[in-house]
Structure formats: structure tokens, C-alpha cells
Amino acid sequence: MDVKDLFCIARQAICDQYLQVRAYELLYRASHQADHAEIMDPHEATARVTALALLDYGVDKIAPNQQIYINLSSHWIKHSELLPVTRIKDRVVLQVPSNIQIDDHLIASLRRIRQKGFQIALDDYCATDPRHCLLADVDIVIVEVKDQSLQVLEQILEELSQYPVKTIAEKIENWTQFNQLKVLGFDLYQGYFLSRPETLEQTKHSNNRLVMTRLLTMLLDDRSSIDQIENLITQEPSLSYRLIKFINSPVYRLPNRIDSLHQAIVYMGMETLRTLVSILVWSRNSHKAYAVLPLLLTRAKACELIAKQQGFAPADRYFTLGFLSLLDVALDQPLNTLIAEMSLSTEMEQALLEDKGPAASLLNLIRLWERADWELLQNHPMYDSQTTPQLMLQALEWANNTEQAVRDSE
């Protein structure tokens, strides 16, 4: 393969104050082996991301119901006629970088781009930003909150309130910071507080939380019988209903309708049951769970697919690995506390808590892809430039379909 074609694309969620995912920013990384003067030119990088998003993947596969944010180079801004004219342009937000050259031609170009139906965002906005003069000609301002005090951020929001723009707080590091920024009144939020979960203080168990923990423990314990699991599920009629509705969704294309919980369990088998019930139980927990759900589903399915490619068995068990890697975010409890309540294998415990073993290596491969960290990714022993992107796309498509089925079963 030509080294010019070696690159990866990832997405990072942008959510609202209720942690509903509203958009995805597309991230691009090229191989460090490539000619940086050619490959890492902002125009070519943007062209590649756009081509993948609009042509190869399709916007509906990357973001079924959300907008996508793509970095925009100075070349495209100055030559707006090169921008693709598509039916989905109203779902594409073009981000103006912080190092753009500001002149009358730029302002005129931004106005032409907006007239074509695209939205414009100022990326990495900060105090005393020289792009202040562009605020009347953009739709969204993405404020970099890292290394800026809450007082400064409040002043920035006061300034932006004079313009009809939406605001996004980016590079949020943890949940405490997210809650502080909500008070200030940003419209949308982005950062590692979603994709790199913080260890949170343990909260008191509610009755629902105890039932959920018990069910998850039973599902992940090989010693549990089908009868035991069925009896526990039947204690939650709404869960039984959702499970049957979920199994009969178009994503699974079953030849005959499943109309009883017992039928569903027998038809699916234990591994599939673990997967589906875990998703359904987990996704009901909170708005926070729904915000992380797209990332979790993609990560879990990618772990399963790459485990199968690597010859790890049983491959389905690696879905559980990806699933558990974000469980602390969903349940607001430290991961080691949650793991202690479950009967997991030594390999999985070491992978999740100590970052040791082949399972941990597989999980780290997926994390590198999520961050589009090409330099480390291509040196990972499990990475394959041909198959890994294909498997990640399969995982993304499955996650989008499954997320929709979960929501439809509400």
C-alpha cells in the first residue's frame, strides 16, 4: 500500500447539557512515514476527511442523527467553489482554525460558504482572540476551556452573547469541570470527560442500582444458568418487554418473531443474551450513560471483531471487555469497586485494572484508534493497515444500528 494512503479517521462526541450526543467532530491522522509537506497539508487532510465522510462512509453511518464537524483549511475558505455541494451540507459544520489569516477576502468567503448552506464555527476560541472580527459571520464558537479560568470563560461568554452564535466548550478534562461549565451556560460540550472517564466517588446504591448490579454480575458469571437469569429478568416486566422488542428489531433480521422471554433466551444463547441485556440495562441508567453509549458500543464491538481476527477465543467475551471498560462512567462508581462485585477471569481483571496481558493490548489498540493517534497506532502489534480500518467501520455501523434499536425500545 502506498504510504500516502496510510491514515485513520476517528470521531469525538459533542453533547448537550443533558449529555445527549448532538454532533461528532471528525479527527484525521496521517502516517509519520508520509511526506508531511504533502500529506499533512491542511487542505489535503480536510479533503481526505471530507471524502471519507461524504463518499466512503456516508454521513448517516458516521452520525445517523447528528451533525459532523470538519476542520477547514485556508485554501478551501479562499476557494469556496471547491467545497462539495451535497444534500447533507446543512449537517456539516466547517471549523475555522485559530491560525487563519484574517482579511476582507476571508470574510467574503465565509459569507459565500454560509450562503451555500454550510455552518461555520470558530475553533479553539480564547480570550483576546484575533478572530473576534469574524463573530458576525459565523454560527458557532468553540471555546477552548483548558488553561482558562472560569472567570475568563465567563467573560468570553458575555462577549459572545452579543452575537447570535452557539457556544461549545471543548477540551473538558473531567466531570467536575463539566458541571462547572454547565453553570456558565455553554450550549454544547466536548472533551475527555466522556471518552477518558474519571474515577468518580461511589454513590449510595438505590434499589434499581442493586438490581442492575446483581443482574450484570449474574450475566457475566459463567456459572449462572438460563433459568436463574430468566427469573431475575422477569422481576422487571419493562426489561422483559424491551428485550423482546429489541430482539425483534430490524437490525437482527430474525426469520420469525420472538414473542416470549424464554424463546428469546433459547434463540439467542447465553453470549448474545449477556451482550443485549447488558446494553439494555446499562443504557437505562442515566443521561450520562446515553452520552457514552455510542462510544461504548463501538469500542465493545471492535474488541470482539479484532479478537476474532487475532484468533482470541471466545471472541464474544472480548465484547464484554470493551463494555466493562466504560462501566465506571455509566454507574458513577470506581471501576475496581464494580469489578470486585463480578466473577471475572483473571485475564479480564488484569486487563481492566492493571493494563496487563493480550486483552489489555487489544483494548489499547481500540483506544488509540478512538484518539486517531496514528504514530502509536501503526506501531501496535495488533494493528493491520488493511483490516483494522474495515473492522472499525463494521463496529461503527453495528453500534449506530444497535443504538437506534435501544432507543426505539424505550
# chains A, B, ... in the order shown; residues from 1 in each chain; ligands from 1
$ residues_around --residues "range 123-127 of chain A" --least-positions-apart "5" --cutoff "9 Å" --atoms "only C-alpha atoms" --output "list of chain:residue names"
A:Asn71, A:Gln95, A:Val96, A:Pro97, A:Ser98, A:Ile140, A:Val141, A:Ile142, A:Val143, A:Glu144, A:Val145, A:Gln148, A:Val152, A:Leu153, A:Gln155, A:Ile156, A:Glu170
$ residues_around --residues "Ile265 in chain A" --least-positions-apart "4" --cutoff "10 Å" --atoms "only C-alpha atoms" --output "list in words"
Ile226, Asp227, Ile229, Glu230, Leu243, Ile244, Ile258, Ser260, Leu261, Gly269, Met270, Glu271, Thr272, Leu273 and Arg274 of chain A
$ atom_distance --atom1 "CA of Gln151 in chain A" --atom2 "CA of Leu184 in chain A"
9.7 Å
$ closest_residue --among "A:Pro294, A:Asn336, A:Gln378, A:Ser225" --to "Glu403 in chain A" --atoms "only C-alpha atoms"
A:Pro294
$ select_by_dssp --residues "range 124-173 of chain A" --states "alpha helix (DSSP H)" --output "number ranges by chain"
A: 150-160
$ residues_around --residues "Met392 in chain A" --least-positions-apart "2" --cutoff "9 Å" --atoms "only C-alpha atoms" --output "PyMOL selection string"
chain A and resi 298-299+301-302+305-306+366+369+387-390+394-397
$ residues_around --residues "Val183 in chain A" --least-positions-apart "2" --cutoff "12 Å" --atoms "only C-alpha atoms" --output "PyMOL selection string"
chain A and resi 17+150+153-154+157+176-181+185-187
$ write_last_selection --atoms "C-alpha atoms" --output "PDB file, in the first residue's frame"
ATOM      1  CA  GLN A  17     -26.032  19.707  28.943  1.00  0.00           C
ATOM      2  CA  LEU A 150     -13.817  30.145  34.988  1.00  0.00           C
ATOM      3  CA  LEU A 153     -14.596  31.849  30.381  1.00  0.00           C
ATOM      4  CA  GLU A 154     -17.494  33.774  31.874  1.00  0.00           C
ATOM      5  CA  LEU A 157     -19.467  34.001  27.116  1.00  0.00           C
ATOM      6  CA  THR A 176     -16.217  18.370  37.858  1.00  0.00           C
ATOM      7  CA  GLN A 177     -15.168  20.806  35.161  1.00  0.00           C
ATOM      8  CA  PHE A 178     -18.151  19.806  33.020  1.00  0.00           C
ATOM      9  CA  ASN A 179     -20.571  20.610  35.853  1.00  0.00           C
ATOM     10  CA  GLN A 180     -18.898  23.985  36.407  1.00  0.00           C
ATOM     11  CA  LEU A 181     -19.178  24.843  32.722  1.00  0.00           C
ATOM     12  CA  GLY A 185     -24.257  28.261  30.253  1.00  0.00           C
ATOM     13  CA  PHE A 186     -22.440  26.776  27.252  1.00  0.00           C
ATOM     14  CA  ASP A 187     -24.730  25.209  24.649  1.00  0.00           C
TER      15      ASP A 187
END
$ residues_around --residues "Phe319 in chain A" --least-positions-apart "6" --cutoff "6 Å" --atoms "only C-alpha atoms" --output "VMD selection string"
chain A and resid 300 to 301 303 to 304
$ write_last_selection --atoms "C-alpha atoms" --output "PDB file, in the first residue's frame"
ATOM      1  CA  ALA A 300     -17.109  -3.215  22.578  1.00  0.00           C
ATOM      2  CA  LYS A 301     -17.935  -4.466  19.087  1.00  0.00           C
ATOM      3  CA  CYS A 303     -12.901  -5.525  20.651  1.00  0.00           C
ATOM      4  CA  GLU A 304     -14.980  -8.531  19.608  1.00  0.00           C
TER       5      GLU A 304
END
$ residues_around --residues "Tyr189 in chain A" --least-positions-apart "2" --cutoff "7 Å" --atoms "only C-alpha atoms" --output "mmCIF file with N, CA and C atoms, in the first residue's frame"
data_model
loop_
_atom_site.group_PDB
_atom_site.id
_atom_site.type_symbol
_atom_site.label_atom_id
_atom_site.label_comp_id
_atom_site.auth_asym_id
_atom_site.auth_seq_id
_atom_site.Cartn_x
_atom_site.Cartn_y
_atom_site.Cartn_z
ATOM 1 N N ILE A 14 -19.836 15.358 20.654
ATOM 2 C CA ILE A 14 -20.185 16.675 21.185
ATOM 3 C C ILE A 14 -21.597 16.543 21.743
ATOM 4 N N CYS A 15 -21.791 16.866 23.018
ATOM 5 C CA CYS A 15 -23.091 16.625 23.657
ATOM 6 C C CYS A 15 -23.663 17.905 24.234
ATOM 7 N N ASP A 16 -24.948 17.840 24.591
ATOM 8 C CA ASP A 16 -25.581 18.980 25.234
ATOM 9 C C ASP A 16 -25.494 18.828 26.750
ATOM 10 N N ILE A 168 -19.640 26.137 22.220
ATOM 11 C CA ILE A 168 -19.208 24.791 22.598
ATOM 12 C C ILE A 168 -17.985 24.913 23.501
ATOM 13 N N ALA A 169 -18.021 24.257 24.628
ATOM 14 C CA ALA A 169 -16.842 24.167 25.496
ATOM 15 C C ALA A 169 -16.071 22.912 25.119
ATOM 16 N N GLU A 170 -14.821 23.052 24.713
ATOM 17 C CA GLU A 170 -14.035 21.903 24.272
ATOM 18 C C GLU A 170 -12.852 21.662 25.199
#
$ closest_residue --among "A:Leu321, A:Leu363, A:Leu232, A:Ile100" --to "Ser345 in chain A" --atoms "only C-alpha atoms"
A:Leu321
$ residues_around --residues "Thr320 in chain A" --least-positions-apart "3" --cutoff "8 Å" --atoms "only C-alpha atoms" --output "list in words"
Thr275, Ala300, Asp316, Arg317, Phe323 and Leu324 of chain A
$ closest_residue --among "A:Pro130, A:Pro255, A:Pro164, A:Gly322" --to "Met348 in chain A" --atoms "only C-alpha atoms"
A:Gly322
$ closest_residue --among "A:Asp373, A:Glu349, A:Arg257, A:Ile77" --to "Gln101 in chain A" --atoms "only C-alpha atoms"
A:Ile77
$ closest_residue --among "A:Ala264, A:Leu122, A:Ala307, A:Leu295" --to "Leu391 in chain A" --atoms "only C-alpha atoms"
A:Ala307
